[in-house]
Structure formats: structure tokens, C-alpha cells
Amino acid sequence: MGKIFDMDSPIMRVLNRVGDLLILNLIMIVCCIPVITAGAAFTGMYYVLLKIVRGEEGYLIRGFFKSFKQNFKQATILWLLILLVIGIYVGDFLIFNYSGISFPKAFVIVICAIAVVLLMVGVYIFPILARFDNSIKNIIKNSFFMAILNLPKTVLMVLIPFVPFVIMYFSTYATIFVLMFGISVPAYISAYLYSGIFKRFEPEEEKAVSDYEFSVTVDEEKKGE
């Protein structure tokens, strides 16, 4: 029985991981409440999760807020750009459905196709910011290329965050679990996919680093637009 509750036992490792994801989910909910801070919150979350999936675990809360603070400016600018795009598409939706104007099908299809591409690019932005030092322009550019070059994984990463909502739709009893893990668990699963993709753009030999050193470069330009 003693070995079951040993800190290195499989059961305890699973329980510790569940606890980490619960804490991370609660931090995300709190940090996203002001809305304007959501971009930095997502960056901090992916910073921690990318370390976890690579076995480079450190202090979860300290690592989260270290990345939150360090990347706040870029993350907020990128988040505001995302909100702007969302606002434009909400306006387009209202116009298409309630203006009474008949738009050519080809035009609507093009608009929808652009929306899909932007969504695929969007799922890479904050993980890239969490992992790499870069300018805002290059973060967006690299997000686009990674999304296209890894299309099957990209589609999967677009769909994964919607799974908790689908579960909640079919079972109201799952609502409490969605509130506890609905953000962190899908991001944790996606972090495994991001980690494999990012390795192609990192130095071949990279030692494990602390919460204060976890960044490498993709392009020559550094962060700081």
C-alpha cells in the first residue's frame, strides 16, 4: 500500500497532474475575467503546459505569471487584433443575415474560407509567443506557415477546445467538470501537438531550462514590437 501513495507512483503522478490542471484552469478563469488580459493568460498557460509535456516542470503558478508579465504587451496587442477580427466577422454575420441584401454565394464562401484560415492561424499565436522570442509580425507569419505545414494537426487543435462544450451540451451533469478542466485539459492535449511541431524550429540540442529561461528564437528578430 505504501508504494501506491509514493510520490513517484503512477497513481500519485496522475493525481498531481489533475491537481495542476485544476489550478491552471482556475487561474485562467480568473485572469480572463477582465477580458483584456486573456491573451497574456493564454500565453502563460501554454508556457507552463509546454514545459509540462516536455518534462521540464517547475513552479506552475510562478511560471504562469512570469510568462504572463513578460509577454503581456505582445499578448495584449495580439489579443486585441483577434478581438477586432472577431468583431468584423460578427458584423459580417449580422449583415449577411439581417440586412436583406443578397450576396453572391462565391463572395460568402470566400469570406468563410478566410475565417477558417484565420482560425487555424489563431490557434498557434499564443503557444508560439509562449515558446519563442519574436516580433508580432513574425509571430503572425510563423503561425500561418505552421498552420499550413501541419494541416491535419492544425484541424485537430481547432476542434479540441470545442469538445468540452459538446460534452456539456449532451450532459448538464458534466458542467462542473467543464468549469474545472474545460480550458486546461484541451490545452494540455494540444500542447503535445505543439511540442512536436515546435521541435522542428528549435536548436537540435537544447538543455532543459528554468522558469526564467524558457525561450528560443525562430527568426532573427527578437520580441518587442
# chains A, B, ... in the order shown; residues from 1 in each chain; ligands from 1

call {"tool": "closest_atom_pairs", "arguments": {"of": "range 78-165 of chain A", "to": "range 64-73 of chain A", "cutoff": "12 Å", "atoms": "only C-alpha atoms", "output": "CSV"}}
result
residue,atom,partner,partner_atom,distance
A:Leu78,CA,A:Lys73,CA,8.7
A:Trp79,CA,A:Lys73,CA,9.9
A:Leu80,CA,A:Lys73,CA,10.8
A:Phe126,CA,A:Asn71,CA,9.7
A:Pro127,CA,A:Ser67,CA,11.3
A:Ile128,CA,A:Asn71,CA,11.2
A:Leu129,CA,A:Asn71,CA,7.5
A:Ala130,CA,A:Ser67,CA,7.1
A:Arg131,CA,A:Ser67,CA,9.7
A:Phe132,CA,A:Asn71,CA,10.6
A:Asp133,CA,A:Asn71,CA,9.6
A:Asn134,CA,A:Asn71,CA,10.7
A:Ser135,CA,A:Asn71,CA,11.2
A:Ile136,CA,A:Lys73,CA,10.2

call {"tool": "write_last_selection", "arguments": {"atoms": "C-alpha atoms", "output": "CSV table (one decimal), in the first residue's frame"}}
result
chain,number,residue,atom,x,y,z
A,78,LEU,CA,-2.3,40.2,-30.5
A,79,TRP,CA,-5.4,39.6,-28.4
A,80,LEU,CA,-6.9,43.0,-29.4
A,126,PHE,CA,-0.2,32.3,-28.1
A,127,PRO,CA,1.7,29.0,-28.0
A,128,ILE,CA,4.3,30.5,-30.3
A,129,LEU,CA,4.5,33.6,-28.2
A,130,ALA,CA,4.9,31.4,-25.1
A,131,ARG,CA,7.7,29.4,-26.6
A,132,PHE,CA,9.6,31.7,-29.0
A,133,ASP,CA,11.1,35.2,-28.9
A,134,ASN,CA,9.9,37.1,-31.9
A,135,SER,CA,8.2,40.3,-33.2
A,136,ILE,CA,4.5,40.5,-33.6

call {"tool": "select_by_dssp", "arguments": {"residues": "chain A", "states": "strand (DSSP E)", "output": "list in words"}}
result
Phe132, Asp133, Val216 and Thr217 of chain A

call {"tool": "closest_residue", "arguments": {"among": "A:Ser171, A:Ser184, A:Asn150, A:Asn16", "to": "Glu57 in chain A", "atoms": "only C-alpha atoms"}}
result
A:Asn16

call {"tool": "closest_residue", "arguments": {"among": "A:Leu49, A:Ile33, A:Ile95, A:Val108", "to": "Leu21 in chain A", "atoms": "only C-alpha atoms"}}
result
A:Leu49

call {"tool": "closest_residue", "arguments": {"among": "A:Met12, A:Ala40, A:Met168, A:Met45", "to": "Ile183 in chain A", "atoms": "only C-alpha atoms"}}
result
A:Met45

call {"tool": "residues_around", "arguments": {"residues": "Leu159 in chain A", "least_positions_apart": "3", "cutoff": "12 Å", "atoms": "only C-alpha atoms", "output": "mmCIF file with all heavy atoms, in the first residue's frame"}}
result
data_model
loop_
_atom_site.group_PDB
_atom_site.id
_atom_site.type_symbol
_atom_site.label_atom_id
_atom_site.label_comp_id
_atom_site.auth_asym_id
_atom_site.auth_seq_id
_atom_site.Cartn_x
_atom_site.Cartn_y
_atom_site.Cartn_z
ATOM 1 N N VAL A 116 -11.852 30.515 -41.765
ATOM 2 C CA VAL A 116 -11.266 29.223 -41.381
ATOM 3 C C VAL A 116 -9.745 29.341 -41.282
ATOM 4 O O VAL A 116 -9.121 28.851 -40.329
ATOM 5 C CB VAL A 116 -11.663 28.127 -42.391
ATOM 6 C CG1 VAL A 116 -10.883 26.844 -42.118
ATOM 7 C CG2 VAL A 116 -13.157 27.852 -42.318
ATOM 8 N N LEU A 119 -8.807 31.258 -38.207
ATOM 9 C CA LEU A 119 -8.995 30.433 -37.027
ATOM 10 C C LEU A 119 -7.811 29.478 -36.846
ATOM 11 O O LEU A 119 -7.309 29.298 -35.720
ATOM 12 C CB LEU A 119 -10.294 29.635 -37.145
ATOM 13 C CG LEU A 119 -10.656 28.731 -35.964
ATOM 14 C CD1 LEU A 119 -10.791 29.551 -34.684
ATOM 15 C CD2 LEU A 119 -11.954 27.980 -36.252
ATOM 16 N N MET A 120 -7.346 28.886 -37.944
ATOM 17 C CA MET A 120 -6.208 27.972 -37.873
ATOM 18 C C MET A 120 -4.941 28.703 -37.465
ATOM 19 O O MET A 120 -4.135 28.195 -36.687
ATOM 20 C CB MET A 120 -6.017 27.266 -39.216
ATOM 21 C CG MET A 120 -7.127 26.291 -39.567
ATOM 22 S SD MET A 120 -6.719 25.209 -40.968
ATOM 23 C CE MET A 120 -6.543 26.424 -42.292
ATOM 24 N N VAL A 123 -4.901 29.589 -33.530
ATOM 25 C CA VAL A 123 -4.593 28.588 -32.503
ATOM 26 C C VAL A 123 -3.098 28.463 -32.239
ATOM 27 O O VAL A 123 -2.680 27.854 -31.244
ATOM 28 C CB VAL A 123 -5.175 27.200 -32.871
ATOM 29 C CG1 VAL A 123 -6.680 27.256 -32.989
ATOM 30 C CG2 VAL A 123 -4.546 26.648 -34.143
ATOM 31 N N PRO A 152 -3.191 18.635 -40.808
ATOM 32 C CA PRO A 152 -4.010 17.686 -40.033
ATOM 33 C C PRO A 152 -3.995 17.988 -38.536
ATOM 34 O O PRO A 152 -5.043 17.961 -37.878
ATOM 35 C CB PRO A 152 -3.350 16.331 -40.331
ATOM 36 C CG PRO A 152 -2.666 16.531 -41.651
ATOM 37 C CD PRO A 152 -2.173 17.944 -41.621
ATOM 38 N N LYS A 153 -2.817 18.283 -37.987
ATOM 39 C CA LYS A 153 -2.714 18.606 -36.559
ATOM 40 C C LYS A 153 -3.417 19.928 -36.261
ATOM 41 O O LYS A 153 -4.022 20.092 -35.199
ATOM 42 C CB LYS A 153 -1.252 18.681 -36.124
ATOM 43 C CG LYS A 153 -0.542 17.331 -36.113
ATOM 44 C CD LYS A 153 0.896 17.473 -35.624
ATOM 45 C CE LYS A 153 1.575 16.114 -35.565
ATOM 46 N NZ LYS A 153 2.982 16.233 -35.094
ATOM 47 N N THR A 154 -3.328 20.854 -37.200
ATOM 48 C CA THR A 154 -3.985 22.148 -37.021
ATOM 49 C C THR A 154 -5.492 21.987 -36.908
ATOM 50 O O THR A 154 -6.126 22.587 -36.026
ATOM 51 C CB THR A 154 -3.646 23.084 -38.195
ATOM 52 O OG1 THR A 154 -2.232 23.287 -38.258
ATOM 53 C CG2 THR A 154 -4.334 24.432 -38.022
ATOM 54 N N VAL A 155 -6.068 21.185 -37.777
ATOM 55 C CA VAL A 155 -7.517 20.933 -37.735
ATOM 56 C C VAL A 155 -7.892 20.321 -36.393
ATOM 57 O O VAL A 155 -8.904 20.701 -35.773
ATOM 58 C CB VAL A 155 -7.943 20.007 -38.892
ATOM 59 C CG1 VAL A 155 -9.403 19.597 -38.734
ATOM 60 C CG2 VAL A 155 -7.726 20.697 -40.240
ATOM 61 N N LEU A 156 -7.080 19.385 -35.922
ATOM 62 C CA LEU A 156 -7.346 18.745 -34.636
ATOM 63 C C LEU A 156 -7.290 19.764 -33.495
ATOM 64 O O LEU A 156 -8.146 19.767 -32.598
ATOM 65 C CB LEU A 156 -6.326 17.632 -34.403
ATOM 66 C CG LEU A 156 -6.553 16.723 -33.191
ATOM 67 C CD1 LEU A 156 -7.915 16.051 -33.274
ATOM 68 C CD2 LEU A 156 -5.444 15.679 -33.102
ATOM 69 N N PHE A 162 -13.423 22.735 -28.535
ATOM 70 C CA PHE A 162 -14.889 22.686 -28.575
ATOM 71 C C PHE A 162 -15.457 21.428 -27.926
ATOM 72 O O PHE A 162 -16.661 21.354 -27.664
ATOM 73 C CB PHE A 162 -15.380 22.777 -30.025
ATOM 74 C CG PHE A 162 -15.099 24.096 -30.678
ATOM 75 C CD1 PHE A 162 -14.032 24.251 -31.542
ATOM 76 C CD2 PHE A 162 -15.905 25.192 -30.413
ATOM 77 C CE1 PHE A 162 -13.757 25.477 -32.140
ATOM 78 C CE2 PHE A 162 -15.653 26.427 -31.005
ATOM 79 C CZ PHE A 162 -14.576 26.572 -31.864
ATOM 80 N N VAL A 163 -14.598 20.442 -27.672
ATOM 81 C CA VAL A 163 -15.067 19.174 -27.105
ATOM 82 C C VAL A 163 -15.791 19.358 -25.771
ATOM 83 O O VAL A 163 -16.868 18.772 -25.562
ATOM 84 C CB VAL A 163 -13.894 18.178 -26.962
ATOM 85 C CG1 VAL A 163 -14.336 16.922 -26.200
ATOM 86 C CG2 VAL A 163 -13.348 17.793 -28.335
ATOM 87 N N PRO A 164 -15.254 20.152 -24.817
ATOM 88 C CA PRO A 164 -15.975 20.329 -23.545
ATOM 89 C C PRO A 164 -17.383 20.883 -23.726
ATOM 90 O O PRO A 164 -18.311 20.493 -22.996
ATOM 91 C CB PRO A 164 -15.088 21.319 -22.776
ATOM 92 C CG PRO A 164 -13.726 21.120 -23.335
ATOM 93 C CD PRO A 164 -13.945 20.836 -24.788
ATOM 94 N N PHE A 165 -17.563 21.789 -24.690
ATOM 95 C CA PHE A 165 -18.887 22.367 -24.926
ATOM 96 C C PHE A 165 -19.839 21.332 -25.518
ATOM 97 O O PHE A 165 -21.040 21.332 -25.205
ATOM 98 C CB PHE A 165 -18.774 23.568 -25.858
ATOM 99 C CG PHE A 165 -17.944 24.686 -25.279
ATOM 100 C CD1 PHE A 165 -16.631 24.869 -25.692
ATOM 101 C CD2 PHE A 165 -18.463 25.538 -24.319
ATOM 102 C CE1 PHE A 165 -15.855 25.885 -25.169
ATOM 103 C CE2 PHE A 165 -17.705 26.565 -23.785
ATOM 104 C CZ PHE A 165 -16.398 26.741 -24.203
ATOM 105 N N VAL A 166 -19.302 20.452 -26.366
ATOM 106 C CA VAL A 166 -20.129 19.374 -26.917
ATOM 107 C C VAL A 166 -20.556 18.431 -25.802
ATOM 108 O O VAL A 166 -21.728 18.022 -25.726
ATOM 109 C CB VAL A 166 -19.343 18.593 -28.001
ATOM 110 C CG1 VAL A 166 -20.152 17.381 -28.470
ATOM 111 C CG2 VAL A 166 -19.019 19.505 -29.176
ATOM 112 N N PRO A 186 -8.096 20.603 -22.617
ATOM 113 C CA PRO A 186 -7.914 20.682 -24.070
ATOM 114 C C PRO A 186 -6.570 21.308 -24.447
ATOM 115 O O PRO A 186 -5.918 20.859 -25.396
ATOM 116 C CB PRO A 186 -9.081 21.569 -24.522
ATOM 117 C CG PRO A 186 -10.128 21.375 -23.490
ATOM 118 C CD PRO A 186 -9.372 21.246 -22.201
ATOM 119 N N ALA A 187 -6.145 22.344 -23.705
ATOM 120 C CA ALA A 187 -4.857 22.975 -23.983
ATOM 121 C C ALA A 187 -3.706 22.019 -23.690
ATOM 122 O O ALA A 187 -2.691 22.016 -24.394
ATOM 123 C CB ALA A 187 -4.709 24.247 -23.155
ATOM 124 N N ILE A 189 -3.797 18.719 -23.966
ATOM 125 C CA ILE A 189 -3.753 17.764 -25.079
ATOM 126 C C ILE A 189 -3.102 18.418 -26.300
ATOM 127 O O ILE A 189 -2.241 17.823 -26.953
ATOM 128 C CB ILE A 189 -5.171 17.277 -25.426
ATOM 129 C CG1 ILE A 189 -5.755 16.496 -24.247
ATOM 130 C CG2 ILE A 189 -5.156 16.412 -26.682
ATOM 131 C CD1 ILE A 189 -7.228 16.162 -24.387
ATOM 132 N N SER A 190 -3.494 19.652 -26.580
ATOM 133 C CA SER A 190 -2.923 20.370 -27.719
ATOM 134 C C SER A 190 -1.432 20.628 -27.534
ATOM 135 O O SER A 190 -0.681 20.678 -28.517
ATOM 136 C CB SER A 190 -3.656 21.697 -27.929
ATOM 137 O OG SER A 190 -5.003 21.484 -28.308
#
